[in-house]
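Participant: The file below is my_file38.tsv, TSV, N, CA and C atoms and all ligand atoms:
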chain	number	residue	atom	x	y	z
A	1025	MET	N	-16.06	-9.69	-56.29
A	1025	MET	CA	-17.36	-10.10	-56.84
A	1025	MET	C	-18.07	-11.01	-55.85
A	1026	ARG	N	-19.25	-10.59	-55.49
A	1026	ARG	CA	-20.04	-11.39	-54.54
A	1026	ARG	C	-21.40	-11.69	-55.17
A	1027	VAL	N	-21.81	-12.95	-55.05
A	1027	VAL	CA	-23.05	-13.42	-55.66
A	1027	VAL	C	-23.97	-13.95	-54.56
A	1028	THR	N	-25.27	-13.73	-54.74
A	1028	THR	CA	-26.26	-14.23	-53.78
A	1028	THR	C	-26.94	-15.47	-54.34
A	1029	VAL	N	-26.94	-16.53	-53.55
A	1029	VAL	CA	-27.69	-17.74	-53.89
A	1029	VAL	C	-28.82	-17.89	-52.87
A	1030	SER	N	-29.98	-18.34	-53.33
A	1030	SER	CA	-31.15	-18.41	-52.45
A	1030	SER	C	-31.82	-19.77	-52.55
A	1031	ARG	N	-32.39	-20.18	-51.46
A	1031	ARG	CA	-33.14	-21.43	-51.39
A	1031	ARG	C	-34.50	-21.15	-50.74
A	1032	LYS	N	-35.56	-21.64	-51.40
A	1032	LYS	CA	-36.90	-21.51	-50.83
A	1032	LYS	C	-37.25	-22.75	-50.02
A	1033	ALA	N	-38.03	-22.55	-48.98
A	1033	ALA	CA	-38.51	-23.67	-48.17
A	1033	ALA	C	-39.85	-23.26	-47.58
A	1034	HIS	N	-40.51	-24.19	-46.94
A	1034	HIS	CA	-41.75	-23.82	-46.27
A	1034	HIS	C	-42.02	-24.74	-45.09
A	1035	PHE	N	-42.84	-24.22	-44.19
A	1035	PHE	CA	-43.33	-25.06	-43.10
A	1035	PHE	C	-44.71	-24.55	-42.70
A	1036	ASN	N	-45.50	-25.47	-42.17
A	1036	ASN	CA	-46.81	-25.12	-41.64
A	1036	ASN	C	-46.70	-25.13	-40.13
A	1037	ALA	N	-47.25	-24.11	-39.49
A	1037	ALA	CA	-47.18	-24.09	-38.03
A	1037	ALA	C	-48.34	-23.28	-37.47
A	1038	ALA	N	-48.67	-23.59	-36.23
A	1038	ALA	CA	-49.72	-22.85	-35.52
A	1038	ALA	C	-49.08	-21.91	-34.51
A	1039	HIS	N	-49.78	-20.83	-34.23
A	1039	HIS	CA	-49.29	-19.92	-33.19
A	1039	HIS	C	-50.45	-19.13	-32.61
A	1040	ARG	N	-50.12	-18.45	-31.57
A	1040	ARG	CA	-51.04	-17.48	-30.96
A	1040	ARG	C	-50.19	-16.31	-30.50
A	1041	LEU	N	-50.64	-15.08	-30.84
A	1041	LEU	CA	-49.94	-13.90	-30.38
A	1041	LEU	C	-50.64	-13.36	-29.15
A	1042	TYR	N	-49.94	-13.27	-28.06
A	1042	TYR	CA	-50.52	-12.66	-26.85
A	1042	TYR	C	-49.43	-12.41	-25.83
A	1043	ARG	N	-49.75	-11.53	-24.94
A	1043	ARG	CA	-48.88	-11.28	-23.79
A	1043	ARG	C	-49.64	-11.72	-22.55
A	1044	PRO	N	-49.03	-12.61	-21.75
A	1044	PRO	CA	-49.72	-13.08	-20.55
A	1044	PRO	C	-49.96	-11.96	-19.54
A	1045	ASP	N	-49.16	-10.89	-19.63
A	1045	ASP	CA	-49.33	-9.79	-18.66
A	1045	ASP	C	-50.40	-8.79	-19.12
A	1046	TRP	N	-51.01	-9.03	-20.28
A	1046	TRP	CA	-52.13	-8.20	-20.73
A	1046	TRP	C	-53.43	-8.98	-20.56
A	1047	ASP	N	-54.53	-8.26	-20.34
A	1047	ASP	CA	-55.81	-8.96	-20.25
A	1047	ASP	C	-56.32	-9.29	-21.66
A	1048	THR	N	-57.41	-10.05	-21.69
A	1048	THR	CA	-57.95	-10.52	-22.97
A	1048	THR	C	-58.29	-9.36	-23.90
A	1049	ALA	N	-58.88	-8.30	-23.34
A	1049	ALA	CA	-59.30	-7.17	-24.17
A	1049	ALA	C	-58.10	-6.50	-24.83
A	1050	GLN	N	-57.02	-6.31	-24.06
A	1050	GLN	CA	-55.84	-5.65	-24.64
A	1050	GLN	C	-55.17	-6.54	-25.68
A	1051	ASN	N	-55.09	-7.85	-25.40
A	1051	ASN	CA	-54.54	-8.77	-26.39
A	1051	ASN	C	-55.37	-8.75	-27.67
A	1052	GLN	N	-56.69	-8.74	-27.50
A	1052	GLN	CA	-57.58	-8.71	-28.65
A	1052	GLN	C	-57.41	-7.42	-29.44
A	1053	ALA	N	-57.24	-6.30	-28.72
A	1053	ALA	CA	-57.11	-5.00	-29.38
A	1053	ALA	C	-55.82	-4.92	-30.19
A	1054	ILE	N	-54.75	-5.47	-29.67
A	1054	ILE	CA	-53.45	-5.35	-30.35
A	1054	ILE	C	-53.25	-6.46	-31.38
A	1055	PHE	N	-53.59	-7.69	-31.01
A	1055	PHE	CA	-53.25	-8.83	-31.89
A	1055	PHE	C	-54.44	-9.35	-32.69
A	1056	GLY	N	-55.65	-8.90	-32.38
A	1056	GLY	CA	-56.83	-9.28	-33.16
A	1056	GLY	C	-57.00	-10.78	-33.25
A	1057	LYS	N	-57.33	-11.26	-34.46
A	1057	LYS	CA	-57.59	-12.68	-34.67
A	1057	LYS	C	-56.37	-13.53	-34.33
A	1058	CYS	N	-55.18	-12.94	-34.42
A	1058	CYS	CA	-53.96	-13.70	-34.12
A	1058	CYS	C	-53.85	-14.02	-32.63
A	1059	SER	N	-54.74	-13.43	-31.81
A	1059	SER	CA	-54.73	-13.72	-30.37
A	1059	SER	C	-55.72	-14.82	-29.99
A	1060	ASN	N	-56.40	-15.39	-30.96
A	1060	ASN	CA	-57.35	-16.49	-30.72
A	1060	ASN	C	-56.75	-17.53	-29.77
A	1061	PRO	N	-57.36	-17.75	-28.59
A	1061	PRO	CA	-56.78	-18.67	-27.62
A	1061	PRO	C	-56.66	-20.10	-28.14
A	1062	HIS	N	-57.39	-20.42	-29.20
A	1062	HIS	CA	-57.34	-21.78	-29.74
A	1062	HIS	C	-56.29	-21.93	-30.84
A	1063	PHE	N	-55.47	-20.92	-31.01
A	1063	PHE	CA	-54.38	-20.95	-31.99
A	1063	PHE	C	-54.94	-20.94	-33.43
A	1064	HIS	N	-54.06	-20.69	-34.38
A	1064	HIS	CA	-54.42	-20.74	-35.79
A	1064	HIS	C	-53.13	-20.99	-36.57
A	1065	GLY	N	-53.28	-21.43	-37.81
A	1065	GLY	CA	-52.10	-21.85	-38.56
A	1065	GLY	C	-51.74	-20.91	-39.69
A	1066	HIS	N	-50.49	-21.01	-40.11
A	1066	HIS	CA	-50.02	-20.30	-41.30
A	1066	HIS	C	-49.21	-21.27	-42.16
A	1067	ASN	N	-49.21	-21.02	-43.46
A	1067	ASN	CA	-48.28	-21.69	-44.36
A	1067	ASN	C	-47.11	-20.74	-44.56
A	1068	TYR	N	-46.09	-20.93	-43.77
A	1068	TYR	CA	-44.94	-20.03	-43.83
A	1068	TYR	C	-44.06	-20.40	-45.02
A	1069	GLU	N	-43.64	-19.38	-45.74
A	1069	GLU	CA	-42.69	-19.56	-46.84
A	1069	GLU	C	-41.40	-18.83	-46.47
A	1070	LEU	N	-40.30	-19.43	-46.85
A	1070	LEU	CA	-39.00	-18.97	-46.39
A	1070	LEU	C	-38.07	-18.82	-47.59
A	1071	ILE	N	-37.32	-17.74	-47.63
A	1071	ILE	CA	-36.26	-17.62	-48.63
A	1071	ILE	C	-34.96	-17.33	-47.87
A	1072	VAL	N	-34.03	-18.25	-47.97
A	1072	VAL	CA	-32.74	-18.09	-47.30
A	1072	VAL	C	-31.70	-17.74	-48.36
A	1073	SER	N	-31.02	-16.61	-48.17
A	1073	SER	CA	-30.05	-16.14	-49.16
A	1073	SER	C	-28.66	-16.05	-48.55
A	1074	ILE	N	-27.70	-16.54	-49.30
A	1074	ILE	CA	-26.29	-16.52	-48.90
A	1074	ILE	C	-25.55	-15.69	-49.93
A	1075	THR	N	-24.80	-14.69	-49.44
A	1075	THR	CA	-24.03	-13.84	-50.35
A	1075	THR	C	-22.55	-14.02	-50.04
A	1076	GLY	N	-21.77	-14.29	-51.10
A	1076	GLY	CA	-20.33	-14.46	-50.89
A	1076	GLY	C	-19.60	-14.57	-52.21
A	1077	ALA	N	-18.32	-14.82	-52.09
A	1077	ALA	CA	-17.49	-14.99	-53.28
A	1077	ALA	C	-17.71	-16.38	-53.88
A	1078	ILE	N	-17.55	-16.47	-55.18
A	1078	ILE	CA	-17.63	-17.78	-55.85
A	1078	ILE	C	-16.33	-18.54	-55.61
A	1079	ASP	N	-16.44	-19.73	-55.06
A	1079	ASP	CA	-15.26	-20.57	-54.85
A	1079	ASP	C	-14.67	-20.93	-56.22
A	1080	PRO	N	-13.41	-20.60	-56.47
A	1080	PRO	CA	-12.85	-20.83	-57.81
A	1080	PRO	C	-12.76	-22.32	-58.16
A	1081	GLU	N	-12.68	-23.18	-57.15
A	1081	GLU	CA	-12.60	-24.62	-57.44
A	1081	GLU	C	-13.95	-25.20	-57.84
A	1082	THR	N	-15.00	-24.87	-57.05
A	1082	THR	CA	-16.31	-25.49	-57.28
A	1082	THR	C	-17.21	-24.64	-58.16
A	1083	GLY	N	-16.96	-23.35	-58.20
A	1083	GLY	CA	-17.88	-22.45	-58.88
A	1083	GLY	C	-19.10	-22.11	-58.05
A	1084	TYR	N	-19.14	-22.57	-56.80
A	1084	TYR	CA	-20.27	-22.33	-55.90
A	1084	TYR	C	-19.97	-21.20	-54.92
A	1085	VAL	N	-21.01	-20.47	-54.53
A	1085	VAL	CA	-20.94	-19.66	-53.31
A	1085	VAL	C	-21.14	-20.58	-52.10
A	1086	MET	N	-22.14	-21.44	-52.22
A	1086	MET	CA	-22.41	-22.47	-51.21
A	1086	MET	C	-23.10	-23.63	-51.90
A	1087	ASP	N	-22.74	-24.82	-51.54
A	1087	ASP	CA	-23.38	-26.01	-52.11
A	1087	ASP	C	-24.86	-26.00	-51.71
A	1088	MET	N	-25.76	-25.95	-52.69
A	1088	MET	CA	-27.19	-25.83	-52.39
A	1088	MET	C	-27.74	-27.07	-51.69
A	1089	LYS	N	-27.10	-28.21	-51.91
A	1089	LYS	CA	-27.52	-29.41	-51.18
A	1089	LYS	C	-27.26	-29.24	-49.68
A	1090	VAL	N	-26.12	-28.66	-49.38
A	1090	VAL	CA	-25.78	-28.40	-47.97
A	1090	VAL	C	-26.77	-27.41	-47.37
A	1091	LEU	N	-27.11	-26.36	-48.15
A	1091	LEU	CA	-28.06	-25.36	-47.66
A	1091	LEU	C	-29.45	-25.97	-47.47
A	1092	LYS	N	-29.85	-26.79	-48.44
A	1092	LYS	CA	-31.16	-27.46	-48.33
A	1092	LYS	C	-31.23	-28.31	-47.07
A	1093	ASP	N	-30.19	-29.10	-46.82
A	1093	ASP	CA	-30.18	-29.97	-45.64
A	1093	ASP	C	-30.13	-29.16	-44.34
A	1094	LEU	N	-29.41	-28.04	-44.38
A	1094	LEU	CA	-29.32	-27.18	-43.20
A	1094	LEU	C	-30.69	-26.59	-42.85
A	1095	ILE	N	-31.41	-26.12	-43.86
A	1095	ILE	CA	-32.75	-25.56	-43.62
A	1095	ILE	C	-33.68	-26.66	-43.10
A	1096	LYS	N	-33.55	-27.85	-43.66
A	1096	LYS	CA	-34.39	-28.95	-43.17
A	1096	LYS	C	-34.11	-29.25	-41.70
A	1097	ASP	N	-32.83	-29.38	-41.37
A	1097	ASP	CA	-32.46	-29.76	-40.01
A	1097	ASP	C	-32.82	-28.67	-38.99
A	1098	GLU	N	-32.53	-27.41	-39.34
A	1098	GLU	CA	-32.65	-26.34	-38.34
A	1098	GLU	C	-34.04	-25.70	-38.31
A	1099	VAL	N	-34.75	-25.70	-39.44
A	1099	VAL	CA	-36.02	-24.97	-39.51
A	1099	VAL	C	-37.19	-25.93	-39.70
A	1100	GLU	N	-37.19	-26.69	-40.79
A	1100	GLU	CA	-38.36	-27.52	-41.09
A	1100	GLU	C	-38.59	-28.57	-40.01
A	1101	ASP	N	-37.54	-29.28	-39.63
A	1101	ASP	CA	-37.73	-30.33	-38.60
A	1101	ASP	C	-38.14	-29.72	-37.26
A	1102	ALA	N	-37.70	-28.49	-37.00
A	1102	ALA	CA	-38.00	-27.86	-35.71
A	1102	ALA	C	-39.39	-27.23	-35.67
A	1103	PHE	N	-39.87	-26.71	-36.81
A	1103	PHE	CA	-41.09	-25.90	-36.81
A	1103	PHE	C	-42.27	-26.55	-37.52
A	1104	ASP	N	-42.01	-27.44	-38.50
A	1104	ASP	CA	-43.11	-27.89	-39.36
A	1104	ASP	C	-44.14	-28.71	-38.58
A	1105	HIS	N	-45.40	-28.36	-38.74
A	1105	HIS	CA	-46.52	-29.01	-38.06
A	1105	HIS	C	-46.40	-28.95	-36.55
A	1106	LYS	N	-45.81	-27.85	-36.06
A	1106	LYS	CA	-45.69	-27.64	-34.63
A	1106	LYS	C	-46.57	-26.48	-34.20
A	1107	ASN	N	-46.92	-26.52	-32.93
A	1107	ASN	CA	-47.50	-25.35	-32.28
A	1107	ASN	C	-46.31	-24.55	-31.75
A	1108	LEU	N	-46.05	-23.41	-32.36
A	1108	LEU	CA	-44.82	-22.67	-32.03
A	1108	LEU	C	-44.78	-22.27	-30.56
A	1109	ASN	N	-45.91	-21.82	-30.02
A	1109	ASN	CA	-45.94	-21.37	-28.62
A	1109	ASN	C	-45.61	-22.52	-27.66
A	1110	GLU	N	-46.16	-23.69	-27.95
A	1110	GLU	CA	-46.12	-24.78	-26.98
A	1110	GLU	C	-45.04	-25.81	-27.25
A	1111	GLN	N	-44.56	-25.90	-28.49
A	1111	GLN	CA	-43.65	-26.99	-28.83
A	1111	GLN	C	-42.26	-26.55	-29.27
A	1112	VAL	N	-42.05	-25.25	-29.43
A	1112	VAL	CA	-40.74	-24.78	-29.88
A	1112	VAL	C	-40.14	-23.94	-28.75
A	1113	PRO	N	-39.05	-24.43	-28.15
A	1113	PRO	CA	-38.52	-23.80	-26.94
A	1113	PRO	C	-38.24	-22.30	-27.08
A	1114	GLU	N	-37.80	-21.88	-28.28
A	1114	GLU	CA	-37.46	-20.46	-28.46
A	1114	GLU	C	-38.66	-19.54	-28.22
A	1115	PHE	N	-39.89	-20.07	-28.35
A	1115	PHE	CA	-41.07	-19.22	-28.21
A	1115	PHE	C	-41.82	-19.45	-26.90
A	1116	LYS	N	-41.17	-20.13	-25.96
A	1116	LYS	CA	-41.80	-20.34	-24.65
A	1116	LYS	C	-42.16	-19.00	-24.02
A	1117	SER	N	-41.27	-18.02	-24.16
A	1117	SER	CA	-41.55	-16.71	-23.58
A	1117	SER	C	-41.27	-15.59	-24.59
A	1118	LEU	N	-41.39	-15.93	-25.87
A	1118	LEU	CA	-41.18	-14.95	-26.95
A	1118	LEU	C	-42.37	-15.04	-27.89
A	1119	ASN	N	-43.05	-13.91	-28.09
A	1119	ASN	CA	-44.24	-13.90	-28.94
A	1119	ASN	C	-43.87	-14.34	-30.36
A	1120	PRO	N	-44.52	-15.37	-30.91
A	1120	PRO	CA	-44.13	-15.87	-32.24
A	1120	PRO	C	-44.70	-15.04	-33.39
A	1121	THR	N	-44.38	-13.76	-33.37
A	1121	THR	CA	-44.69	-12.92	-34.53
A	1121	THR	C	-43.76	-13.29	-35.67
A	1122	ALA	N	-44.12	-12.88	-36.89
A	1122	ALA	CA	-43.23	-13.13	-38.02
A	1122	ALA	C	-41.86	-12.50	-37.76
A	1123	GLU	N	-41.84	-11.32	-37.14
A	1123	GLU	CA	-40.57	-10.64	-36.85
A	1123	GLU	C	-39.69	-11.51	-35.94
A	1124	ASN	N	-40.28	-12.02	-34.86
A	1124	ASN	CA	-39.49	-12.84	-33.94
A	1124	ASN	C	-39.11	-14.18	-34.56
A	1125	ILE	N	-40.00	-14.76	-35.37
A	1125	ILE	CA	-39.68	-16.04	-36.02
A	1125	ILE	C	-38.50	-15.88	-36.97
A	1126	VAL	N	-38.47	-14.80	-37.74
A	1126	VAL	CA	-37.38	-14.65	-38.72
A	1126	VAL	C	-36.04	-14.46	-38.00
A	1127	VAL	N	-36.05	-13.79	-36.85
A	1127	VAL	CA	-34.81	-13.63	-36.10
A	1127	VAL	C	-34.34	-14.97	-35.52
A	1128	VAL	N	-35.29	-15.74	-35.01
A	1128	VAL	CA	-34.94	-17.07	-34.47
A	1128	VAL	C	-34.35	-17.95	-35.58
A	1129	ILE	N	-34.97	-17.92	-36.76
A	1129	ILE	CA	-34.46	-18.72	-37.88
A	1129	ILE	C	-33.05	-18.28	-38.26
A	1130	TYR	N	-32.86	-16.98	-38.38
A	1130	TYR	CA	-31.53	-16.44	-38.70
A	1130	TYR	C	-30.49	-16.95	-37.69
A	1131	ASN	N	-30.83	-16.84	-36.41
A	1131	ASN	CA	-29.88	-17.22	-35.37
A	1131	ASN	C	-29.58	-18.71	-35.36
A	1132	LYS	N	-30.54	-19.53	-35.81
A	1132	LYS	CA	-30.30	-20.97	-35.90
A	1132	LYS	C	-29.40	-21.30	-37.08
A	1133	LEU	N	-29.53	-20.56	-38.18
A	1133	LEU	CA	-28.75	-20.86	-39.38
A	1133	LEU	C	-27.35	-20.25	-39.34
A	1134	ARG	N	-27.24	-19.06	-38.76
A	1134	ARG	CA	-26.00	-18.27	-38.86
A	1134	ARG	C	-24.74	-19.05	-38.47
A	1135	PRO	N	-24.76	-19.83	-37.37
A	1135	PRO	CA	-23.52	-20.53	-36.99
A	1135	PRO	C	-23.06	-21.55	-38.02
A	1136	HIS	N	-23.94	-21.96	-38.92
A	1136	HIS	CA	-23.60	-23.00	-39.90
A	1136	HIS	C	-23.20	-22.42	-41.25
A	1137	ILE	N	-23.21	-21.10	-41.37
A	1137	ILE	CA	-22.85	-20.45	-42.63
A	1137	ILE	C	-21.43	-19.90	-42.48
A	1138	ALA	N	-20.62	-20.04	-43.52
A	1138	ALA	CA	-19.25	-19.54	-43.47
A	1138	ALA	C	-19.23	-18.07	-43.03
A	1139	ALA	N	-18.30	-17.75	-42.14
A	1139	ALA	CA	-18.25	-16.41	-41.56
A	1139	ALA	C	-18.04	-15.33	-42.63
A	1140	THR	N	-17.41	-15.71	-43.75
A	1140	THR	CA	-17.16	-14.74	-44.81
A	1140	THR	C	-18.40	-14.48	-45.67
A	1141	ASN	N	-19.43	-15.31	-45.50
A	1141	ASN	CA	-20.66	-15.14	-46.28
A	1141	ASN	C	-21.73	-14.41	-45.45
A	1142	ASP	N	-22.55	-13.62	-46.15
A	1142	ASP	CA	-23.67	-12.95	-45.50
A	1142	ASP	C	-24.91	-13.82	-45.61
A	1143	LEU	N	-25.77	-13.69	-44.61
A	1143	LEU	CA	-27.02	-14.45	-44.56
A	1143	LEU	C	-28.18	-13.47	-44.48
A	1144	GLU	N	-29.22	-13.74	-45.26
A	1144	GLU	CA	-30.46	-12.99	-45.14
A	1144	GLU	C	-31.63	-13.97	-45.19
A	1145	VAL	N	-32.60	-13.76	-44.33
A	1145	VAL	CA	-33.78	-14.62	-44.28
A	1145	VAL	C	-35.02	-13.78	-44.52
A	1146	VAL	N	-35.84	-14.20	-45.47
A	1146	VAL	CA	-37.15	-13.59	-45.72
A	1146	VAL	C	-38.20	-14.61	-45.32
A	1147	LEU	N	-39.17	-14.18	-44.54
A	1147	LEU	CA	-40.22	-15.08	-44.07
A	1147	LEU	C	-41.58	-14.51	-44.45
A	1148	TYR	N	-42.32	-15.29	-45.24
A	1148	TYR	CA	-43.70	-14.93	-45.59
A	1148	TYR	C	-44.65	-15.60	-44.61
A	1149	GLU	N	-45.44	-14.81	-43.91
A	1149	GLU	CA	-46.46	-15.38	-43.03
A	1149	GLU	C	-47.75	-15.60	-43.81
A	1150	THR	N	-48.00	-14.71	-44.77
A	1150	THR	CA	-49.09	-14.86	-45.73
A	1150	THR	C	-48.50	-14.49	-47.08
A	1151	PRO	N	-49.23	-14.76	-48.17
A	1151	PRO	CA	-48.67	-14.37	-49.47
A	1151	PRO	C	-48.36	-12.87	-49.57
A	1152	ARG	N	-49.01	-12.05	-48.76
A	1152	ARG	CA	-48.81	-10.61	-48.86
A	1152	ARG	C	-48.01	-10.00	-47.74
A	1153	ASN	N	-47.85	-10.72	-46.62
A	1153	ASN	CA	-47.12	-10.18	-45.47
A	1153	ASN	C	-45.81	-10.94	-45.29
A	1154	PHE	N	-44.70	-10.21	-45.35
A	1154	PHE	CA	-43.42	-10.87	-45.15
A	1154	PHE	C	-42.44	-9.95	-44.44
A	1155	VAL	N	-41.48	-10.58	-43.80
A	1155	VAL	CA	-40.47	-9.86	-43.02
A	1155	VAL	C	-39.09	-10.35	-43.46
A	1156	LYS	N	-38.07	-9.55	-43.14
A	1156	LYS	CA	-36.73	-9.83	-43.62
A	1156	LYS	C	-35.74	-9.50	-42.52
A	1157	TYR	N	-34.70	-10.34	-42.35
A	1157	TYR	CA	-33.68	-10.07	-41.35
A	1157	TYR	C	-32.32	-10.51	-41.87
A	1158	ASN	N	-31.34	-9.64	-41.70
A	1158	ASN	CA	-29.98	-9.98	-42.15
A	1158	ASN	C	-28.95	-9.81	-41.04
A	1159	GLY	N	-29.43	-9.80	-39.80
A	1159	GLY	CA	-28.49	-9.76	-38.67
A	1159	GLY	C	-28.13	-8.37	-38.20
A	1160	GLN	N	-28.68	-7.35	-38.84
A	1160	GLN	CA	-28.33	-5.98	-38.43
A	1160	GLN	C	-29.41	-5.35	-37.58
B	1201	NI	NI	-51.12	-15.49	-37.14
Starting from the coordinates I provided, produce the structure as C-alpha cells.
Ligand code: NI

Facilitator:
Amino acid sequence: MRVTVSRKAHFNAAHRLYRPDWDTAQNQAIFGKCSNPHFHGHNYELIVSITGAIDPETGYVMDMKVLKDLIKDEVEDAFDHKNLNEQVPEFKSLNPTAENIVVVIYNKLRPHIAATNDLEVVLYETPRNFVKYNGQ
C-alpha cells in the first residue's frame, strides 16, 4: 500500500525567455512576451507530492513539517522574489521555462527524499498553465 502526500507552496519570481544565440526577431517569434528584455514576473504555485508506504510507527508517509521546511529551504528561499535569469545559478545558461524550472526544483528536492519514496513536482506558471515532472 502506497499513499501520496502533497504540500502546496508558492514563490514570486521574474524571468525572461531567450536564447543569446538567436536574434531579437527569432526570440520574439518563439517566446513572444516572455522574451521581454525587461523581464516579467509570475506567481508560481507548486505542488510537491511524495508517494510511499505508511510508516507503521508514525502513521506518516513523510512528516509534513519536514517537507514544508525542505520546500522553504530548497525552493522558496532560492527563488522567491528573485530574477531567475540573473540571480539563480541554475538558470545562468538554462532558459527558465516552466519545464526547466520544474526539473531544477525536482533535482534540488530529490536528494532529501527517502530513496524508497517517489517524488513528483507540479509547477503552475499561471492558473491555467502547469507542468509536471517525476524524474522520468
Ligand atoms: Ni513568463

Participant: Check which residues of chain A sit at most 10 Å from ligand NI 1201 (chain B) using only C-alpha atoms and all ligand atoms, and return one row each with the closest pair of atoms and their distance in Å to one decimal, ordered by chain and rising number, as a tab-separated table.

Facilitator:
residue	atom	partner	partner_atom	distance
A:Ala1037	CA	B:NI1201	NI	9.5
A:Ala1038	CA	B:NI1201	NI	7.7
A:His1039	CA	B:NI1201	NI	6.2
A:Arg1040	CA	B:NI1201	NI	6.5
A:Leu1041	CA	B:NI1201	NI	7.0
A:Phe1055	CA	B:NI1201	NI	8.7
A:Gly1056	CA	B:NI1201	NI	9.3
A:Lys1057	CA	B:NI1201	NI	7.5
A:Cys1058	CA	B:NI1201	NI	4.5
A:Ser1059	CA	B:NI1201	NI	7.9
A:Asn1060	CA	B:NI1201	NI	9.0
A:Phe1063	CA	B:NI1201	NI	8.2
A:His1064	CA	B:NI1201	NI	6.3
A:Gly1065	CA	B:NI1201	NI	6.6
A:His1066	CA	B:NI1201	NI	6.5
A:Asn1067	CA	B:NI1201	NI	9.9
A:Pro1120	CA	B:NI1201	NI	8.5
A:Thr1121	CA	B:NI1201	NI	7.4
A:Ala1122	CA	B:NI1201	NI	8.3
A:Glu1149	CA	B:NI1201	NI	7.5
A:Thr1150	CA	B:NI1201	NI	8.8

Participant: To box segment 1079-1084 of chain A, take all atoms listed in the file, fit an axis-aligned box, add 8 Å on each side, and give centre and edge lengths in Å to one decimal, as JSON.

Facilitator:
{"center_x": -16.4, "center_y": -22.6, "center_z": -56.9, "size_x": 23.7, "size_y": 21.8, "size_z": 20.0}

Participant: Can you tell me how far atom CA of Asn1153 of chain A sits from atom CA of Asn1131 of chain A, in Å to one decimal?

Facilitator: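 Computing it gives 21.2 Å between the two atoms.
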
Participant: Write out as JSON lines a residue-level contact list of segment 1118-1158 of chain A versus segment 1085-1100 of chain A with cut-off 12 Å: for each qualifying residue the closest pair of atoms and the distance in Å to one decimal, counting only C-alpha atoms, rows sorted by chain and residue number upward.

Facilitator:
{"residue": "A:Ile1125", "atom": "CA", "partner": "A:Val1099", "partner_atom": "CA", "distance": 10.3}
{"residue": "A:Val1126", "atom": "CA", "partner": "A:Val1099", "partner_atom": "CA", "distance": 10.4}
{"residue": "A:Val1127", "atom": "CA", "partner": "A:Val1099", "partner_atom": "CA", "distance": 11.9}
{"residue": "A:Val1128", "atom": "CA", "partner": "A:Val1099", "partner_atom": "CA", "distance": 9.4}
{"residue": "A:Ile1129", "atom": "CA", "partner": "A:Val1099", "partner_atom": "CA", "distance": 6.6}
{"residue": "A:Tyr1130", "atom": "CA", "partner": "A:Val1099", "partner_atom": "CA", "distance": 9.7}
{"residue": "A:Asn1131", "atom": "CA", "partner": "A:Glu1098", "partner_atom": "CA", "distance": 10.0}
{"residue": "A:Lys1132", "atom": "CA", "partner": "A:Glu1098", "partner_atom": "CA", "distance": 6.3}
{"residue": "A:Leu1133", "atom": "CA", "partner": "A:Glu1098", "partner_atom": "CA", "distance": 6.8}
{"residue": "A:Arg1134", "atom": "CA", "partner": "A:Leu1094", "partner_atom": "CA", "distance": 10.5}
{"residue": "A:Pro1135", "atom": "CA", "partner": "A:Leu1094", "partner_atom": "CA", "distance": 10.8}
{"residue": "A:His1136", "atom": "CA", "partner": "A:Leu1094", "partner_atom": "CA", "distance": 7.8}
{"residue": "A:Ile1137", "atom": "CA", "partner": "A:Leu1091", "partner_atom": "CA", "distance": 8.7}
{"residue": "A:Ala1138", "atom": "CA", "partner": "A:Met1086", "partner_atom": "CA", "distance": 8.9}
{"residue": "A:Thr1140", "atom": "CA", "partner": "A:Val1085", "partner_atom": "CA", "distance": 10.5}
{"residue": "A:Asn1141", "atom": "CA", "partner": "A:Val1085", "partner_atom": "CA", "distance": 8.4}
{"residue": "A:Asp1142", "atom": "CA", "partner": "A:Val1085", "partner_atom": "CA", "distance": 10.7}
{"residue": "A:Leu1143", "atom": "CA", "partner": "A:Leu1091", "partner_atom": "CA", "distance": 11.4}
{"residue": "A:Val1145", "atom": "CA", "partner": "A:Ile1095", "partner_atom": "CA", "distance": 11.0}
{"residue": "A:Leu1147", "atom": "CA", "partner": "A:Val1099", "partner_atom": "CA", "distance": 11.7}

Participant: Just want the 7 Å neighbourhood of Leu1070 of chain A, counted on all atoms listed in the file, with same-chain residues fewer than 3 positions away dropped. Output as a PyMOL selection string.

Facilitator: chain A and resi 1031-1035+1145-1148

Participant: Running DSSP on the backbone, which parts of chain A land in helix (DSSP H, G or I), as an NGL selection string?

Facilitator: :A and (1048-1059 or 1088-1103 or 1108-1111 or 1113-1115 or 1122-1136)
